[in-house]
>>> print(open('data-v9.pdb').read())   # PDB, C-alpha atoms, pLDDT in the B column
MODEL        1
ATOM      1  CA  MET A   1     183.941 -21.682 116.664  1.00 48.00           C
ATOM      2  CA  THR A   2     185.949 -22.691 113.611  1.00 54.00           C
ATOM      3  CA  THR A   3     184.971 -22.459 109.986  1.00 57.00           C
ATOM      4  CA  THR A   4     184.745 -26.257 109.810  1.00 67.00           C
ATOM      5  CA  SER A   5     182.327 -26.268 112.728  1.00 72.00           C
ATOM      6  CA  ASN A   6     180.301 -23.488 111.086  1.00 77.00           C
ATOM      7  CA  ASP A   7     180.217 -25.455 107.839  1.00 88.00           C
ATOM      8  CA  THR A   8     179.093 -28.581 109.666  1.00 93.00           C
ATOM      9  CA  GLU A   9     176.321 -26.677 111.430  1.00 94.00           C
ATOM     10  CA  ALA A  10     175.181 -25.037 108.190  1.00 96.00           C
ATOM     11  CA  THR A  11     175.168 -28.385 106.394  1.00 95.00           C
ATOM     12  CA  ALA A  12     173.054 -29.951 109.140  1.00 96.00           C
ATOM     13  CA  VAL A  13     170.594 -27.036 109.060  1.00 96.00           C
ATOM     14  CA  LEU A  14     170.477 -27.126 105.240  1.00 96.00           C
ATOM     15  CA  THR A  15     169.543 -30.801 105.449  1.00 94.00           C
ATOM     16  CA  ARG A  16     166.778 -29.999 107.936  1.00 95.00           C
ATOM     17  CA  VAL A  17     165.451 -27.119 105.811  1.00 96.00           C
ATOM     18  CA  THR A  18     165.402 -29.424 102.774  1.00 94.00           C
ATOM     19  CA  GLU A  19     163.472 -32.052 104.768  1.00 93.00           C
ATOM     20  CA  ALA A  20     161.010 -29.390 105.898  1.00 94.00           C
ATOM     21  CA  LEU A  21     160.567 -28.262 102.284  1.00 94.00           C
ATOM     22  CA  ASP A  22     159.684 -31.836 101.339  1.00 91.00           C
ATOM     23  CA  VAL A  23     156.904 -31.739 103.947  1.00 91.00           C
ATOM     24  CA  VAL A  24     155.670 -28.277 102.936  1.00 91.00           C
ATOM     25  CA  LEU A  25     155.715 -29.071  99.221  1.00 90.00           C
ATOM     26  CA  ASP A  26     154.078 -32.466  99.696  1.00 87.00           C
ATOM     27  CA  GLY A  27     153.316 -33.816  96.259  1.00 75.00           C
ATOM     28  CA  PHE A  28     155.773 -31.435  94.581  1.00 83.00           C
ATOM     29  CA  PRO A  29     159.024 -31.705  96.561  1.00 77.00           C
ATOM     30  CA  PRO A  30     162.209 -30.394  94.960  1.00 83.00           C
ATOM     31  CA  ASP A  31     164.344 -32.936  93.151  1.00 82.00           C
ATOM     32  CA  PRO A  32     166.975 -34.463  95.442  1.00 80.00           C
ATOM     33  CA  GLY A  33     170.149 -32.417  95.504  1.00 84.00           C
ATOM     34  CA  THR A  34     168.620 -29.329  93.873  1.00 89.00           C
ATOM     35  CA  VAL A  35     168.160 -27.267  97.032  1.00 94.00           C
ATOM     36  CA  THR A  36     171.371 -25.369  97.737  1.00 95.00           C
ATOM     37  CA  MET A  37     172.298 -22.357  99.817  1.00 97.00           C
ATOM     38  CA  GLU A  38     171.679 -20.197  96.719  1.00 97.00           C
ATOM     39  CA  THR A  39     168.179 -21.561  96.045  1.00 96.00           C
ATOM     40  CA  ARG A  40     165.575 -18.793  96.289  1.00 96.00           C
ATOM     41  CA  PHE A  41     162.298 -19.676  97.955  1.00 95.00           C
ATOM     42  CA  VAL A  42     160.086 -17.605  95.653  1.00 94.00           C
ATOM     43  CA  ASP A  43     161.852 -17.605  92.288  1.00 94.00           C
ATOM     44  CA  ASP A  44     163.304 -21.123  92.347  1.00 93.00           C
ATOM     45  CA  LEU A  45     160.839 -23.081  94.485  1.00 93.00           C
ATOM     46  CA  ASP A  46     157.685 -21.058  93.740  1.00 91.00           C
ATOM     47  CA  LEU A  47     156.841 -20.756  97.432  1.00 93.00           C
ATOM     48  CA  GLU A  48     154.054 -18.389  98.358  1.00 91.00           C
ATOM     49  CA  SER A  49     153.836 -16.521 101.644  1.00 87.00           C
ATOM     50  CA  ILE A  50     151.628 -19.218 103.192  1.00 92.00           C
ATOM     51  CA  ASP A  51     154.264 -21.798 102.241  1.00 92.00           C
ATOM     52  CA  LEU A  52     156.920 -19.774 104.077  1.00 91.00           C
ATOM     53  CA  VAL A  53     154.672 -19.661 107.136  1.00 91.00           C
ATOM     54  CA  THR A  54     154.194 -23.424 106.950  1.00 94.00           C
ATOM     55  CA  LEU A  55     157.935 -23.934 106.445  1.00 94.00           C
ATOM     56  CA  THR A  56     158.807 -21.869 109.491  1.00 93.00           C
ATOM     57  CA  ALA A  57     156.215 -23.714 111.577  1.00 93.00           C
ATOM     58  CA  GLU A  58     157.788 -26.999 110.518  1.00 93.00           C
ATOM     59  CA  LEU A  59     161.253 -25.699 111.405  1.00 95.00           C
ATOM     60  CA  ARG A  60     160.036 -24.253 114.714  1.00 93.00           C
ATOM     61  CA  SER A  61     159.002 -27.762 115.739  1.00 92.00           C
ATOM     62  CA  GLN A  62     162.662 -28.740 115.265  1.00 91.00           C
ATOM     63  CA  TYR A  63     164.456 -25.667 116.625  1.00 93.00           C
ATOM     64  CA  GLY A  64     161.989 -24.132 119.062  1.00 90.00           C
ATOM     65  CA  GLU A  65     161.198 -20.522 119.782  1.00 89.00           C
ATOM     66  CA  ARG A  66     164.763 -19.271 120.095  1.00 88.00           C
ATOM     67  CA  VAL A  67     165.062 -19.106 116.310  1.00 93.00           C
ATOM     68  CA  ASP A  68     162.170 -16.556 116.353  1.00 91.00           C
ATOM     69  CA  PHE A  69     161.074 -16.673 112.713  1.00 91.00           C
ATOM     70  CA  PRO A  70     158.358 -13.992 113.105  1.00 90.00           C
ATOM     71  CA  ALA A  71     160.943 -11.442 114.284  1.00 92.00           C
ATOM     72  CA  TYR A  72     163.325 -12.465 111.493  1.00 94.00           C
ATOM     73  CA  PHE A  73     160.730 -11.970 108.767  1.00 91.00           C
ATOM     74  CA  ALA A  74     159.491  -8.744 110.374  1.00 91.00           C
ATOM     75  CA  SER A  75     163.042  -7.374 110.090  1.00 95.00           C
ATOM     76  CA  LEU A  76     163.025  -7.861 106.298  1.00 94.00           C
ATOM     77  CA  ASP A  77     161.322  -5.660 103.732  1.00 94.00           C
ATOM     78  CA  ILE A  78     159.026  -7.240 101.145  1.00 91.00           C
ATOM     79  CA  ASP A  79     161.640  -7.156  98.369  1.00 93.00           C
ATOM     80  CA  ARG A  80     164.163  -8.900 100.612  1.00 94.00           C
ATOM     81  CA  ILE A  81     161.636 -11.582 101.528  1.00 91.00           C
ATOM     82  CA  ALA A  82     160.868 -12.127  97.842  1.00 91.00           C
ATOM     83  CA  ASP A  83     164.592 -12.673  97.178  1.00 95.00           C
ATOM     84  CA  LEU A  84     165.263 -14.781 100.307  1.00 96.00           C
ATOM     85  CA  THR A  85     167.557 -17.755  99.773  1.00 97.00           C
ATOM     86  CA  VAL A  86     167.773 -21.028 101.611  1.00 97.00           C
ATOM     87  CA  GLY A  87     171.232 -19.898 102.738  1.00 97.00           C
ATOM     88  CA  ASP A  88     169.782 -16.741 104.302  1.00 97.00           C
ATOM     89  CA  LEU A  89     167.435 -18.850 106.399  1.00 97.00           C
ATOM     90  CA  VAL A  90     170.143 -21.405 107.221  1.00 97.00           C
ATOM     91  CA  HIS A  91     172.504 -18.666 108.428  1.00 96.00           C
ATOM     92  CA  HIS A  92     169.739 -17.131 110.548  1.00 96.00           C
ATOM     93  CA  ILE A  93     169.053 -20.481 112.207  1.00 97.00           C
ATOM     94  CA  VAL A  94     172.746 -21.194 112.833  1.00 96.00           C
ATOM     95  CA  GLU A  95     173.265 -17.749 114.372  1.00 95.00           C
ATOM     96  CA  ARG A  96     170.216 -18.034 116.629  1.00 95.00           C
ATOM     97  CA  LEU A  97     171.246 -21.492 117.868  1.00 92.00           C
ATOM     98  CA  ARG A  98     174.535 -20.128 119.225  1.00 88.00           C
TER      99      ARG A  98
ENDMDL
END
>>> encode(input="data-v9.pdb", output="structure tokens")
Amino acid sequence: MTTTSNDTEATAVLTRVTEALDVVLDGFPPDPGTVTMETRFVDDLDLESIDLVTLTAELRSQYGERVDFPAYFASLDIDRIADLTVGDLVHHIVERLR
């Protein structure tokens, strides 16, 4: 798979993650265009653990079980989860969809 294809996949997943964030943060969605690959879920978006659970449930409805969010989060320590970026999640999804 080429870099261009990888970029296209990541862009599509980033769009889907942003849409899911709009659902999860109903009433307080991020401003359009402000969610990037570097955006941190906790520090930048003020997501709490329940919000991450809701986000992954929303994404699971799109991508199914093969993305396996519970296993992904279980593989991370608490400090890593607290510093998780949108890009980290996007890359996980892209890798699992291959």
>>> residues_around(input="data-v9.pdb", residues="range 46-52 of chain A", least_positions_apart="4", cutoff="12 Å", atoms="all atoms listed in the file", output="PyMOL selection string")
chain A and resi 17+20-26+28-30+39-42+56-60+69-70+73+78+81-86+89
>>> closest_residue(input="data-v9.pdb", among="A:Leu76, A:Glu38, A:Arg96, A:Gly87", to="Gly64 in chain A", atoms="only C-alpha atoms")
A:Arg96
>>> atom_distance(input="data-v9.pdb", atom1="CA of Asp77 in chain A", atom2="CA of Leu45 in chain A")
19.7 Å
>>> atom_distance(input="data-v9.pdb", atom1="CA of Pro32 in chain A", atom2="CA of Thr18 in chain A")
9.0 Å
>>> atom_distance(input="data-v9.pdb", atom1="CA of Asn6 in chain A", atom2="CA of Val94 in chain A")
8.1 Å
>>> axis_aligned_box(input="data-v9.pdb", around="range 43-60 of chain A", padding_each_side="3 Å", output="JSON")
{"center_x": 157.5, "center_y": -21.8, "center_z": 103.5, "size_x": 17.7, "size_y": 16.5, "size_z": 28.4}
>>> closest_residue(input="data-v9.pdb", among="A:Ala71, A:Leu97, A:Met37, A:Val90", to="Val13 in chain A", atoms="only C-alpha atoms")
A:Val90
